[in-house]
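Structure first, commentary second.
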Amino acid sequence: MARVETPARLGKLQPPFPYEVCASSVCDSLFTESGAYLFRDLEGDKLIVLCEDCAADVELNHRERFILVAL
């Protein structure tokens, strides 16, 4: 997957992260110092934590379903 910078940095979490693995069903990456982002899933009204690559994908392709949480 090509690396795309996430335009918004609203939901960027600082270590230690609340989870160890990205919440995306297609990813399963471990969180690193480079980033973990907190989103609200509007369909299920749940909070999820995504890695930097998945957060960039969500920002570009799924903005109607997921929004960054202001911390």
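Convention: chains lettered A, B, ... in structure tokens order; per-chain residue numbering from 1; ligands numbered from 1 as shown.
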Practice problem: Please run DSSP on the backbone and report, as a ChimeraX atom specification, all residues within chain A that come out as strand (DSSP E or B). | Solution: /A:12,21,30,32,35-41,46-51,66-68
Please give the complete set of residues from chain A that DSSP, run on the backbone, assigns to helix (DSSP H, G or I), formatted as a tab-separated table (two decimals) with C-alpha atoms, in the first residue's frame.
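Listing of selection14.tsv after writing:
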```
chain	number	residue	atom	x	y	z
A	52	GLU	CA	-1.41	5.77	10.12
A	53	ASP	CA	-1.89	4.02	6.76
A	54	CYS	CA	-5.50	3.00	7.47
A	55	ALA	CA	-6.28	6.46	8.85
A	56	ALA	CA	-5.07	8.01	5.58
A	57	ASP	CA	-7.27	5.61	3.59
A	58	VAL	CA	-10.32	6.42	5.74
A	59	GLU	CA	-9.71	10.16	5.39
A	60	LEU	CA	-9.58	9.84	1.60
A	61	ASN	CA	-12.25	7.22	0.93
```
Quiz prompt | Selection: 9 Å around range 38-49 of chain A, only C-alpha atoms, excl. self and same-chain fewer than 6 positions, as an MDAnalysis selection string | solution = chainID A and resid 10:13 17:19 21:24 55 64:71
For N, CA, C and O atoms, I'd like the residues from the last selection saved as a PDB file, in the first residue's frame.
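Below is the file that was written, again.pdb:
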```pdb
ATOM      1  N   LEU A  10      -6.178  15.747  13.869  1.00  0.00           N
ATOM      2  CA  LEU A  10      -7.046  15.894  15.033  1.00  0.00           C
ATOM      3  C   LEU A  10      -6.975  14.723  15.994  1.00  0.00           C
ATOM      4  O   LEU A  10      -6.812  14.895  17.176  1.00  0.00           O
ATOM      5  N   GLY A  11      -7.152  13.518  15.484  1.00  0.00           N
ATOM      6  CA  GLY A  11      -7.288  12.356  16.345  1.00  0.00           C
ATOM      7  C   GLY A  11      -6.008  11.608  16.635  1.00  0.00           C
ATOM      8  O   GLY A  11      -6.052  10.458  17.050  1.00  0.00           O
ATOM      9  N   LYS A  12      -4.850  12.230  16.426  1.00  0.00           N
ATOM     10  CA  LYS A  12      -3.587  11.524  16.637  1.00  0.00           C
ATOM     11  C   LYS A  12      -3.363  11.267  18.123  1.00  0.00           C
ATOM     12  O   LYS A  12      -3.370  12.179  18.941  1.00  0.00           O
ATOM     13  N   LEU A  13      -3.178   9.993  18.446  1.00  0.00           N
ATOM     14  CA  LEU A  13      -2.934   9.579  19.835  1.00  0.00           C
ATOM     15  C   LEU A  13      -1.448   9.568  20.122  1.00  0.00           C
ATOM     16  O   LEU A  13      -0.632   9.355  19.225  1.00  0.00           O
ATOM     17  N   PHE A  17      -0.437   3.624  23.458  1.00  0.00           N
ATOM     18  CA  PHE A  17      -1.708   3.533  22.768  1.00  0.00           C
ATOM     19  C   PHE A  17      -2.663   2.611  23.530  1.00  0.00           C
ATOM     20  O   PHE A  17      -2.218   1.671  24.184  1.00  0.00           O
ATOM     21  N   PRO A  18      -3.975   2.856  23.429  1.00  0.00           N
ATOM     22  CA  PRO A  18      -4.933   2.043  24.180  1.00  0.00           C
ATOM     23  C   PRO A  18      -5.040   0.607  23.667  1.00  0.00           C
ATOM     24  O   PRO A  18      -5.516  -0.269  24.379  1.00  0.00           O
ATOM     25  N   TYR A  19      -4.613   0.375  22.433  1.00  0.00           N
ATOM     26  CA  TYR A  19      -4.635  -0.967  21.843  1.00  0.00           C
ATOM     27  C   TYR A  19      -3.299  -1.213  21.179  1.00  0.00           C
ATOM     28  O   TYR A  19      -2.551  -0.285  20.922  1.00  0.00           O
ATOM     29  N   VAL A  21      -3.095  -3.285  18.217  1.00  0.00           N
ATOM     30  CA  VAL A  21      -3.290  -3.630  16.816  1.00  0.00           C
ATOM     31  C   VAL A  21      -4.351  -2.726  16.190  1.00  0.00           C
ATOM     32  O   VAL A  21      -5.350  -2.398  16.817  1.00  0.00           O
ATOM     33  N   CYS A  22      -4.143  -2.380  14.939  1.00  0.00           N
ATOM     34  CA  CYS A  22      -5.084  -1.556  14.175  1.00  0.00           C
ATOM     35  C   CYS A  22      -6.457  -2.234  14.117  1.00  0.00           C
ATOM     36  O   CYS A  22      -6.557  -3.454  13.970  1.00  0.00           O
ATOM     37  N   ALA A  23      -7.517  -1.432  14.201  1.00  0.00           N
ATOM     38  CA  ALA A  23      -8.884  -1.950  14.202  1.00  0.00           C
ATOM     39  C   ALA A  23      -9.386  -2.332  12.813  1.00  0.00           C
ATOM     40  O   ALA A  23     -10.430  -2.968  12.692  1.00  0.00           O
ATOM     41  N   SER A  24      -8.669  -1.993  11.761  1.00  0.00           N
ATOM     42  CA  SER A  24      -9.098  -2.326  10.407  1.00  0.00           C
ATOM     43  C   SER A  24      -9.069  -3.838  10.204  1.00  0.00           C
ATOM     44  O   SER A  24      -8.092  -4.508  10.557  1.00  0.00           O
ATOM     45  N   ALA A  55      -5.676   5.149   8.589  1.00  0.00           N
ATOM     46  CA  ALA A  55      -6.276   6.460   8.845  1.00  0.00           C
ATOM     47  C   ALA A  55      -6.255   7.315   7.583  1.00  0.00           C
ATOM     48  O   ALA A  55      -7.232   7.992   7.263  1.00  0.00           O
ATOM     49  N   GLU A  64     -17.541   9.888   4.997  1.00  0.00           N
ATOM     50  CA  GLU A  64     -18.944   9.945   5.354  1.00  0.00           C
ATOM     51  C   GLU A  64     -19.281   8.998   6.507  1.00  0.00           C
ATOM     52  O   GLU A  64     -20.289   9.174   7.176  1.00  0.00           O
ATOM     53  N   ARG A  65     -18.444   7.996   6.730  1.00  0.00           N
ATOM     54  CA  ARG A  65     -18.715   7.024   7.804  1.00  0.00           C
ATOM     55  C   ARG A  65     -17.852   7.256   9.033  1.00  0.00           C
ATOM     56  O   ARG A  65     -18.300   7.013  10.158  1.00  0.00           O
ATOM     57  N   PHE A  66     -16.604   7.668   8.862  1.00  0.00           N
ATOM     58  CA  PHE A  66     -15.672   7.812   9.975  1.00  0.00           C
ATOM     59  C   PHE A  66     -15.235   9.261  10.110  1.00  0.00           C
ATOM     60  O   PHE A  66     -14.890   9.903   9.124  1.00  0.00           O
ATOM     61  N   ILE A  67     -15.202   9.770  11.329  1.00  0.00           N
ATOM     62  CA  ILE A  67     -14.690  11.115  11.579  1.00  0.00           C
ATOM     63  C   ILE A  67     -13.619  11.062  12.664  1.00  0.00           C
ATOM     64  O   ILE A  67     -13.715  10.262  13.600  1.00  0.00           O
ATOM     65  N   LEU A  68     -12.595  11.903  12.498  1.00  0.00           N
ATOM     66  CA  LEU A  68     -11.551  11.999  13.512  1.00  0.00           C
ATOM     67  C   LEU A  68     -12.144  12.633  14.775  1.00  0.00           C
ATOM     68  O   LEU A  68     -12.945  13.559  14.694  1.00  0.00           O
ATOM     69  N   VAL A  69     -11.704  12.135  15.896  1.00  0.00           N
ATOM     70  CA  VAL A  69     -12.169  12.652  17.179  1.00  0.00           C
ATOM     71  C   VAL A  69     -11.213  13.742  17.645  1.00  0.00           C
ATOM     72  O   VAL A  69      -9.996  13.539  17.666  1.00  0.00           O
ATOM     73  N   ALA A  70     -11.740  14.878  18.003  1.00  0.00           N
ATOM     74  CA  ALA A  70     -10.910  15.959  18.549  1.00  0.00           C
ATOM     75  C   ALA A  70     -10.465  15.578  19.954  1.00  0.00           C
ATOM     76  O   ALA A  70     -11.292  15.237  20.791  1.00  0.00           O
ATOM     77  N   LEU A  71      -9.178  15.613  20.175  1.00  0.00           N
ATOM     78  CA  LEU A  71      -8.638  15.236  21.482  1.00  0.00           C
ATOM     79  C   LEU A  71      -8.274  16.463  22.287  1.00  0.00           C
ATOM     80  O   LEU A  71      -7.941  17.469  21.804  1.00  0.00           O
TER      81      LEU A  71
END
```
